[in-house]
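Structure data (compact mmCIF, C-alpha atoms and all ligand atoms) from entry_20.txt:
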```txt
# COMPACT_ATOMS: atom_id res chain seq x y z
CA MET A 28 -7.50 -19.33 -2.17
CA GLU A 29 -7.39 -16.04 -0.39
CA LYS A 30 -6.67 -12.59 -1.55
CA ILE A 31 -4.06 -10.96 0.58
CA THR A 32 -4.72 -7.55 2.00
CA LEU A 33 -3.11 -5.60 4.75
CA GLY A 34 -6.25 -6.06 6.79
CA LYS A 35 -8.16 -3.45 8.69
CA LEU A 36 -6.04 -0.45 9.54
CA PRO A 37 -6.57 1.58 12.68
CA ASN A 38 -8.49 4.81 12.65
CA VAL A 39 -5.86 7.25 13.87
CA LEU A 40 -6.84 10.50 15.58
CA THR A 41 -4.59 13.54 15.84
CA ALA A 42 -3.44 14.72 19.28
CA ARG A 43 -6.09 17.46 19.34
CA GLU A 44 -8.91 15.08 18.38
CA LEU A 45 -7.78 12.55 20.94
CA ILE A 46 -7.55 15.13 23.73
CA ASP A 47 -10.99 16.50 22.94
CA THR A 48 -12.55 13.02 22.86
CA ALA A 49 -10.92 11.92 26.12
CA PHE A 50 -11.67 15.10 28.10
CA LYS A 51 -15.25 15.15 26.88
CA ARG A 52 -15.73 11.54 27.88
CA ALA A 53 -14.21 12.33 31.29
CA SER A 54 -16.52 15.26 31.96
CA GLU A 55 -19.62 13.33 30.90
CA GLY A 56 -18.70 10.05 32.49
CA THR A 57 -18.53 10.95 36.16
CA ALA A 58 -21.08 9.22 38.35
CA ARG A 59 -22.74 11.00 41.26
CA VAL A 60 -20.88 10.66 44.52
CA GLU A 61 -21.75 11.38 48.12
CA GLY A 62 -19.82 12.37 51.21
CA SER A 63 -18.07 15.42 52.59
CA PRO A 64 -17.27 18.23 50.12
CA ARG A 65 -13.61 17.11 50.14
CA GLU A 66 -14.50 13.47 49.47
CA VAL A 67 -16.95 14.43 46.72
CA ALA A 68 -14.30 16.59 45.03
CA ILE A 69 -11.66 13.87 45.27
CA GLN A 70 -13.92 11.17 43.88
CA ARG A 71 -15.18 13.34 41.04
CA GLU A 72 -11.69 14.32 39.95
CA ARG A 73 -10.40 10.78 40.39
CA GLN A 74 -13.05 9.58 37.96
CA ARG A 75 -12.18 12.31 35.49
CA ILE A 76 -8.46 11.68 35.62
CA THR A 77 -8.99 7.94 35.32
CA ILE A 78 -11.39 8.17 32.39
CA ALA A 79 -9.26 10.68 30.49
CA THR A 80 -5.97 8.82 30.93
CA THR A 81 -7.35 5.33 30.29
CA THR A 82 -9.21 6.51 27.19
CA ILE A 83 -5.99 7.95 25.80
CA ALA A 84 -3.65 5.12 26.81
CA GLU A 85 -6.03 2.44 25.50
CA TYR A 86 -6.49 4.35 22.30
CA LEU A 87 -2.76 4.70 21.73
CA ARG A 88 -2.22 0.99 22.43
CA LYS A 89 -4.97 0.07 20.01
CA ILE A 90 -3.23 1.98 17.23
CA VAL A 91 -0.05 -0.01 17.82
CA VAL A 92 -1.88 -3.35 18.04
CA ASP A 93 -4.10 -2.73 15.02
CA PHE A 94 -1.29 -1.62 12.76
CA PRO A 95 -0.24 -4.54 10.53
CA SER A 96 2.79 -6.21 12.01
CA LEU A 97 5.56 -5.10 9.68
CA ALA A 98 7.73 -8.15 10.32
CA ASP A 99 4.91 -10.52 9.35
CA LEU A 100 3.97 -8.89 6.07
CA PRO A 101 4.44 -10.94 2.91
CA PRO A 102 7.56 -9.70 1.04
CA PHE A 103 5.50 -8.11 -1.73
CA TYR A 104 3.67 -5.89 0.74
CA ARG A 105 6.78 -5.29 2.83
CA ASP A 106 8.53 -3.83 -0.19
CA LEU A 107 5.51 -1.76 -1.10
CA VAL A 108 5.17 -0.43 2.44
CA GLU A 109 8.87 0.37 2.40
CA ALA A 110 8.41 2.17 -0.92
CA ILE A 111 5.46 4.22 0.20
CA GLU A 112 6.16 4.93 3.85
CA GLY A 113 9.57 3.74 4.89
CA ILE A 114 9.37 0.91 7.40
CA ASP A 115 11.84 2.57 9.78
CA GLU A 116 9.73 5.69 9.96
CA LEU A 117 6.61 3.63 10.67
CA ARG A 118 8.40 1.71 13.38
CA LYS A 119 9.64 4.91 15.00
CA SER A 120 6.17 6.41 15.04
CA LEU A 121 4.58 3.26 16.46
CA GLY A 122 7.33 3.11 19.10
CA ALA A 123 6.74 6.72 20.12
CA ILE A 124 3.01 6.09 20.40
CA GLY A 125 3.43 2.91 22.48
CA GLY A 126 5.90 4.75 24.73
CA THR A 127 3.48 7.61 25.25
CA ALA A 128 0.75 5.19 26.38
CA LYS A 129 3.08 4.22 29.24
CA VAL A 130 3.79 7.85 30.10
CA VAL A 131 0.05 8.53 30.28
CA ASP A 132 -0.35 5.58 32.69
CA LYS A 133 2.38 7.11 34.84
CA ILE A 134 0.66 10.50 34.83
CA ARG A 135 -2.51 8.81 36.05
CA ARG A 136 -0.73 7.09 38.95
CA GLU A 137 1.10 10.25 40.02
CA GLN A 138 -1.89 12.55 39.83
CA LEU A 139 -4.14 10.12 41.69
CA ARG A 140 -1.54 9.94 44.43
CA LYS A 141 -1.49 13.74 44.66
CA LEU A 142 -5.25 13.79 44.80
CA LYS A 143 -5.26 11.78 48.02
CA MET A 144 -3.20 14.43 49.75
CA ILE A 145 -5.31 17.51 49.07
CA LYS A 146 -6.59 19.60 51.93
CA ASN A 147 -9.60 21.42 50.48
CA PRO A 148 -12.01 20.70 47.57
CA ALA A 149 -10.58 23.44 45.31
CA GLU A 150 -7.21 21.66 45.22
CA ALA A 151 -8.83 18.59 43.66
CA ALA A 152 -9.72 20.49 40.51
CA ALA A 153 -6.18 21.87 40.35
CA VAL A 154 -4.73 18.34 40.43
CA ARG A 155 -7.04 17.30 37.61
CA ARG A 156 -6.13 20.37 35.56
CA GLN A 157 -2.49 19.57 36.10
CA ALA A 158 -3.13 16.00 34.85
CA TYR A 159 -4.84 17.38 31.74
CA GLY A 160 -1.97 19.79 31.14
CA ARG A 161 0.60 17.02 31.38
CA ILE A 162 -1.42 14.74 29.08
CA SER A 163 -1.78 17.54 26.51
CA SER A 164 1.91 18.24 26.49
CA VAL A 165 2.97 14.59 26.01
CA LEU A 166 0.40 14.12 23.26
CA LYS A 167 1.55 17.23 21.46
CA LYS A 168 5.00 15.68 21.26
CA ILE A 169 3.64 12.74 19.28
CA ASP A 170 1.25 14.73 17.13
CA ARG A 171 3.67 14.48 14.21
CA ASN A 172 3.75 10.68 14.60
CA LEU A 173 -0.02 10.46 14.83
CA ILE A 174 -0.49 12.53 11.70
CA PHE A 175 2.11 10.42 9.88
CA LEU A 176 0.36 7.18 10.88
CA LYS A 177 -3.05 8.59 10.04
CA GLU A 178 -1.89 9.36 6.52
CA ALA A 179 0.07 6.12 6.21
CA ALA A 180 -3.01 4.10 7.21
CA LYS A 181 -5.00 5.88 4.54
CA ARG A 182 -2.41 5.22 1.85
CA LEU A 183 -1.90 1.61 2.92
CA SER A 184 -5.61 0.90 2.82
CA ASP A 185 -5.36 1.75 -0.88
CA LEU A 186 -2.80 -0.95 -1.63
CA PRO A 187 -4.00 -3.48 -4.18
CA ASP A 188 -5.49 -6.79 -3.08
CA VAL A 189 -3.67 -9.48 -5.02
CA TYR A 190 -3.50 -13.24 -4.84
CA LEU A 191 0.06 -13.84 -3.70
CA ASP A 192 -0.16 -17.58 -4.23
CA LEU A 193 -1.38 -17.63 -7.83
CA PRO A 194 1.15 -17.95 -10.65
CA THR A 195 1.40 -14.35 -11.76
CA ILE A 196 2.30 -12.88 -15.11
CA VAL A 197 3.35 -9.24 -15.26
CA ILE A 198 2.96 -7.34 -18.53
CA ALA A 199 5.65 -4.79 -19.37
CA GLY A 200 6.51 -2.53 -22.28
CA TYR A 201 6.46 1.12 -23.34
CA PRO A 202 3.20 3.07 -23.17
CA ASN A 203 0.71 2.38 -25.98
CA VAL A 204 2.32 -0.89 -27.12
CA GLY A 205 -0.90 -2.75 -26.24
CA LYS A 206 -0.44 -3.96 -22.65
CA SER A 207 -4.03 -3.35 -21.59
CA THR A 208 -5.34 -4.79 -24.84
CA LEU A 209 -3.31 -7.96 -24.29
CA LEU A 210 -4.43 -8.26 -20.69
CA LYS A 211 -8.00 -8.21 -21.89
CA ALA A 212 -7.28 -10.70 -24.68
CA LEU A 213 -5.57 -13.10 -22.28
CA THR A 214 -8.18 -12.94 -19.57
CA GLY A 215 -11.29 -12.35 -21.62
CA SER A 216 -12.75 -9.69 -19.41
CA ALA A 217 -12.32 -6.09 -18.46
CA PRO A 218 -9.50 -5.96 -15.91
CA LYS A 219 -10.15 -5.17 -12.29
CA ILE A 220 -8.57 -1.91 -11.42
CA ALA A 221 -6.90 -1.77 -8.02
CA PRO A 222 -5.63 1.53 -6.70
CA TYR A 223 -1.87 1.63 -6.74
CA PRO A 224 0.15 4.45 -5.24
CA PHE A 225 2.47 4.78 -8.21
CA THR A 226 0.02 5.33 -11.01
CA THR A 227 -3.09 7.34 -11.52
CA THR A 228 -4.71 4.58 -13.54
CA GLY A 229 -4.17 1.85 -10.96
CA LEU A 230 -2.95 -1.68 -11.14
CA GLN A 231 -4.89 -3.74 -13.68
CA LEU A 232 -5.62 -7.32 -12.72
CA GLY A 233 -7.10 -10.13 -14.79
CA TYR A 234 -7.43 -13.89 -14.37
CA PHE A 235 -7.62 -16.95 -16.60
CA GLU A 236 -7.95 -20.63 -15.86
CA HIS A 237 -6.41 -23.73 -17.34
CA GLY A 238 -7.40 -27.10 -15.95
CA HIS A 239 -7.81 -26.43 -12.27
CA GLN A 240 -5.14 -23.77 -12.12
CA ARG A 241 -5.93 -20.09 -12.02
CA TYR A 242 -3.44 -17.54 -13.33
CA GLN A 243 -3.16 -13.88 -12.42
CA VAL A 244 -2.18 -11.32 -15.05
CA ILE A 245 -1.09 -7.86 -13.97
CA ASP A 246 -0.52 -4.69 -15.93
CA THR A 247 1.44 -2.14 -13.95
CA PRO A 248 1.01 1.14 -15.77
CA GLY A 249 3.76 3.55 -14.92
CA LEU A 250 6.25 1.05 -13.56
CA LEU A 251 7.77 -1.10 -16.28
CA ASP A 252 7.16 1.26 -19.16
CA ARG A 253 10.14 3.55 -19.15
CA PRO A 254 13.89 3.27 -18.62
CA LEU A 255 14.88 2.34 -15.10
CA GLU A 256 17.51 5.05 -14.93
CA LYS A 257 14.67 7.58 -14.94
CA ARG A 258 13.12 6.01 -11.87
CA ASN A 259 13.12 7.57 -8.46
CA LYS A 260 13.91 5.59 -5.34
CA VAL A 261 10.28 4.96 -4.49
CA GLU A 262 9.48 3.59 -7.94
CA LEU A 263 12.54 1.35 -7.87
CA GLN A 264 11.39 -0.02 -4.55
CA ALA A 265 7.94 -0.66 -5.99
CA ILE A 266 9.49 -2.45 -8.95
CA SER A 267 11.41 -4.55 -6.52
CA ALA A 268 8.12 -5.48 -4.82
CA LEU A 269 6.97 -6.87 -8.17
CA LYS A 270 9.82 -9.36 -8.08
CA HIS A 271 8.05 -11.23 -5.32
CA LEU A 272 4.94 -11.40 -7.43
CA ALA A 273 6.04 -12.00 -11.01
CA LYS A 274 6.49 -15.63 -11.95
CA SER A 275 7.02 -14.49 -15.51
CA ILE A 276 7.01 -11.29 -17.50
CA VAL A 277 5.49 -10.69 -20.90
CA PHE A 278 7.45 -7.91 -22.52
CA ILE A 279 5.63 -6.29 -25.43
CA LEU A 280 7.45 -4.74 -28.38
CA ASP A 281 5.72 -2.60 -30.96
CA PRO A 282 8.01 -2.54 -34.02
CA SER A 283 5.35 -0.62 -35.95
CA GLU A 284 6.33 2.21 -33.62
CA SER A 285 2.72 3.41 -33.74
CA CYS A 286 3.05 3.61 -29.96
CA GLY A 287 5.31 6.61 -30.48
CA TYR A 288 8.56 5.04 -29.23
CA ARG A 289 11.51 3.89 -31.29
CA SER A 290 12.27 0.16 -31.49
CA LYS A 291 15.76 0.88 -30.24
CA ASP A 292 14.44 2.43 -27.04
CA GLN A 293 11.97 -0.40 -26.60
CA LEU A 294 14.78 -2.96 -26.87
CA ASN A 295 16.83 -1.00 -24.31
CA LEU A 296 13.92 -1.16 -21.90
CA LEU A 297 13.68 -4.90 -22.52
CA GLU A 298 17.33 -5.26 -21.46
CA ASP A 299 16.66 -3.11 -18.39
CA VAL A 300 13.76 -5.31 -17.36
CA ARG A 301 15.79 -8.48 -17.97
CA LYS A 302 18.57 -7.10 -15.79
CA SER A 303 16.34 -6.08 -12.93
CA PHE A 304 14.40 -9.37 -12.96
CA PRO A 305 17.29 -11.80 -13.39
CA GLU A 306 15.32 -14.69 -11.92
CA THR A 307 12.10 -14.15 -13.82
CA LYS A 308 11.39 -15.72 -17.17
CA VAL A 309 10.79 -12.98 -19.73
CA PHE A 310 8.59 -13.78 -22.76
CA VAL A 311 9.16 -11.33 -25.58
CA VAL A 312 6.09 -10.64 -27.68
CA VAL A 313 5.79 -8.54 -30.80
CA ASN A 314 2.37 -6.89 -30.90
CA LYS A 315 0.49 -5.10 -33.66
CA THR A 316 1.64 -7.71 -36.19
CA ASP A 317 -1.28 -6.54 -38.35
CA LEU A 318 0.62 -3.30 -38.94
CA LEU A 319 3.83 -5.03 -40.06
CA ASN A 320 4.57 -6.21 -43.60
CA LYS A 321 5.59 -9.81 -44.31
CA GLU A 322 9.23 -8.99 -45.03
CA LYS A 323 9.61 -7.17 -41.74
CA ILE A 324 8.07 -10.11 -39.85
CA GLU A 325 10.35 -12.63 -41.59
CA GLU A 326 13.38 -10.48 -40.95
CA MET A 327 12.50 -10.26 -37.24
CA ARG A 328 11.81 -13.98 -36.96
CA LYS A 329 15.35 -14.66 -38.14
CA VAL A 330 16.94 -12.36 -35.58
CA HIS A 331 14.64 -13.34 -32.68
CA PRO A 332 13.48 -16.91 -33.22
CA ASP A 333 11.91 -17.14 -29.75
CA VAL A 334 9.67 -14.14 -30.15
CA LEU A 335 5.91 -14.63 -30.49
CA PHE A 336 3.98 -12.49 -32.94
CA ILE A 337 0.51 -11.42 -31.92
CA THR A 338 -2.24 -8.95 -32.71
CA ALA A 339 -3.81 -8.19 -29.38
CA THR A 340 -6.78 -6.38 -30.88
CA THR A 341 -7.95 -9.44 -32.88
CA GLY A 342 -6.58 -12.06 -30.51
CA GLU A 343 -4.31 -13.57 -33.13
CA GLY A 344 -1.42 -15.47 -31.55
CA VAL A 345 -2.80 -14.92 -28.06
CA SER A 346 -3.73 -18.56 -27.42
CA GLU A 347 -0.21 -19.66 -28.44
CA LEU A 348 1.19 -17.14 -25.99
CA LYS A 349 -1.14 -18.45 -23.30
CA GLN A 350 0.02 -22.03 -23.94
CA LYS A 351 3.62 -20.92 -23.61
CA LEU A 352 2.87 -19.13 -20.33
CA ILE A 353 1.06 -22.15 -18.93
N1 LIG B 1 -3.30 -2.19 -34.92
C1 LIG B 1 -3.20 -2.61 -33.68
N2 LIG B 1 -3.42 -1.77 -32.67
C2 LIG B 1 -3.30 -2.23 -31.42
C3 LIG B 1 -2.97 -3.57 -31.14
N3 LIG B 1 -2.93 -3.74 -29.83
C4 LIG B 1 -3.23 -2.53 -29.28
N4 LIG B 1 -3.47 -1.63 -30.24
C5 LIG B 1 -3.84 -0.23 -30.06
O1 LIG B 1 -2.79 0.48 -29.46
C6 LIG B 1 -3.30 1.48 -28.59
C7 LIG B 1 -2.70 1.32 -27.21
O2 LIG B 1 -3.16 0.09 -26.66
P1 LIG B 1 -3.22 -0.13 -25.07
O3 LIG B 1 -3.63 -1.55 -24.88
O4 LIG B 1 -4.01 0.91 -24.45
O5 LIG B 1 -1.68 0.10 -24.75
P2 LIG B 1 -0.98 0.12 -23.31
O6 LIG B 1 0.36 -0.49 -23.49
O7 LIG B 1 -1.88 -0.46 -22.31
O8 LIG B 1 -0.80 1.68 -23.09
P3 LIG B 1 -0.54 2.42 -21.68
O9 LIG B 1 -1.60 1.94 -20.74
O10 LIG B 1 -0.64 3.86 -22.02
O11 LIG B 1 0.83 2.04 -21.25
C8 LIG B 1 -4.80 1.33 -28.61
O12 LIG B 1 -5.33 2.27 -29.48
C9 LIG B 1 -5.02 -0.07 -29.12
O13 LIG B 1 -6.24 -0.23 -29.79
C10 LIG B 1 -2.75 -4.45 -32.26
O14 LIG B 1 -2.45 -5.65 -32.11
N5 LIG B 1 -2.88 -3.91 -33.48
MG MG B 2 -2.70 0.38 -20.52
```
Can I see the file as structure tokens?
Ligand SMILES: Nc1nc2c(ncn2[C@@H]2O[C@H](COP(=O)(O)OP(=O)(O)OP(=O)(O)O)[C@@H](O)[C@H]2O)c(=O)[nH]1
Ligand SMILES: [Mg+2]
Amino acid sequence: MEKITLGKLPNVLTARELIDTAFKRASEGTARVEGSPREVAIQRERQRITIATTTIAEYLRKIVVDFPSLADLPPFYRDLVEAIEGIDELRKSLGAIGGTAKVVDKIRREQLRKLKMIKNPAEAAAVRRQAYGRISSVLKKIDRNLIFLKEAAKRLSDLPDVYLDLPTIVIAGYPNVGKSTLLKALTGSAPKIAPYPFTTTGLQLGYFEHGHQRYQVIDTPGLLDRPLEKRNKVELQAISALKHLAKSIVFILDPSESCGYRSKDQLNLLEDVRKSFPETKVFVVVNKTDLLNKEKIEEMRKVHPDVLFITATTGEGVSELKQKLI
């Protein structure tokens, strides 16, 4: 079973860096030539123009080829990429870069043609300088796109590696209700932390096995822990990415309110989550049962007969929850 990642992302240079690299390579890469002064000048400048333009055109094409094909991305990553970068914007930038590679090819052909027609050696250098000037000006036009892709590649390489084909359980609930503690209790180990662009703490991943089946448990700090109406567009898009991943959701309530949030608000969030994941089974779990008195528990059992009562810190009720999830 393979972890899905976006793969290796291209190393993108800015226009300035690319120009410097290509021109340096061109000036160092010319082989010695012999013949009349005119022929020597033509051959030397032909080599320079060819090296500089092919270096740049090949480099630009490589960026386009190496960038993950947006149409082929699994839906989870597609939504995340849309959330972080905007797929349209990425497409536009890649299009501009691919188009510029063609323009650079054209500059090479035109300048080499001009080179053949020179009369004296000094004109050869002028043709090459003109080629360099034209290359610089077309590259400057896509500098914005290059910088955007450079930064996008950096952000995308930080996306979490998840198993898209494992049954996945997403843990939700207000801050401090015990999500991380439950993740640890369910999976028996410290969670793996994967960088995630929407939280400073990262996506927390854990795994457990039953029979021959492996299950993936994910805590998404910062995403499903506050009312959806307070979400910005990017966060909503990221939440929508989770829909492709979550086979079921464990929603944690903390009626002791030691988390610092009122039960009423917690129940509102539960309804929010139910509404935005209409096709996902939501398991409601009351945590911190150790802090509740018997009467309170009985009262809650009557109102919510399906709810499981657990104490994540001691592990009480956790194996029943696991059975239900399986
Ligand atoms: N008494 C009691 N405390 C608990 C229980 N589960 C978690 N806690 C405590 O509640 C606090 C918050 O637990 P976390 O697991 O960090 O909560 P969280 O939901 O991951 O919090 P955020 O990551 O901030 O959203 C910690 O001090 C835990 O020790 C429980 O069953 N009983
Ligand atoms: Mg946590």
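Closest approach to ligand MG 2 (chain B) from the set A:Glu343, A:Glu325, A:Glu137, A:Asp252 is made by A:Asp252, with distances taken over all atoms listed in the file.
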At most 8 Å from ligand MG 2 (chain B) (only C-alpha atoms and all ligand atoms): residue list as a count of residues only: 8
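Straight-line separation from atom O1 of ligand LIG 1 (chain B) to CA of Cys286 (chain A): 6.6 Å.
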Atom pair atom P1 of ligand LIG 1 (chain B) / CA of Leu193 (chain A): separation (Å): 24.6 Å
Cut-off 9 Å, all atoms listed in the file, neighbours of ligand LIG 1 (chain B) as a ChimeraX atom specification: /A:198-211,228,246-249,252,279,281,283,285-286,313-318,337-343
Ala151 (chain A) surroundings by all atoms listed in the file, 12 Å radius, close-in-sequence under 6 positions cut, as a PyMOL selection string: chain A and resi 64-76+138-145+157-158
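If you look at CA of Leu186 (chain A) and CA of Glu256 (chain A), they are 25.0 Å away from each other.
Among A:Arg182, A:Lys349, A:Arg105, A:Arg156, the residue with the shortest atom-to-atom distance to Leu269 (chain A), counting all atoms listed in the file, is A:Arg105.
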Any idea what's packed within 8 Å of Thr77 (chain A), counting only C-alpha atoms, ignoring anything in its chain fewer than 4 positions away? Could you give it as a compact mmCIF listing (two decimals) with C-alpha atoms, keeping the file's coordinate frame?
```txt
# COMPACT_ATOMS: atom_id res chain seq x y z
CA ALA A 53 -14.21 12.33 31.29
CA ARG A 73 -10.40 10.78 40.39
CA THR A 81 -7.35 5.33 30.29
CA ARG A 135 -2.51 8.81 36.05
```
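Compared by their closest atoms to His271 (chain A), and using only C-alpha atoms, the residues A:Asn38, A:Ser290, A:Thr48, A:Thr195 rank with A:Thr195 nearest.
Proximity to Pro254 (chain A) was assessed for A:Val300, A:Ala152, A:Ile90, A:Ala110 counting all atoms listed in the file; the smallest distance is recorded for A:Val300.
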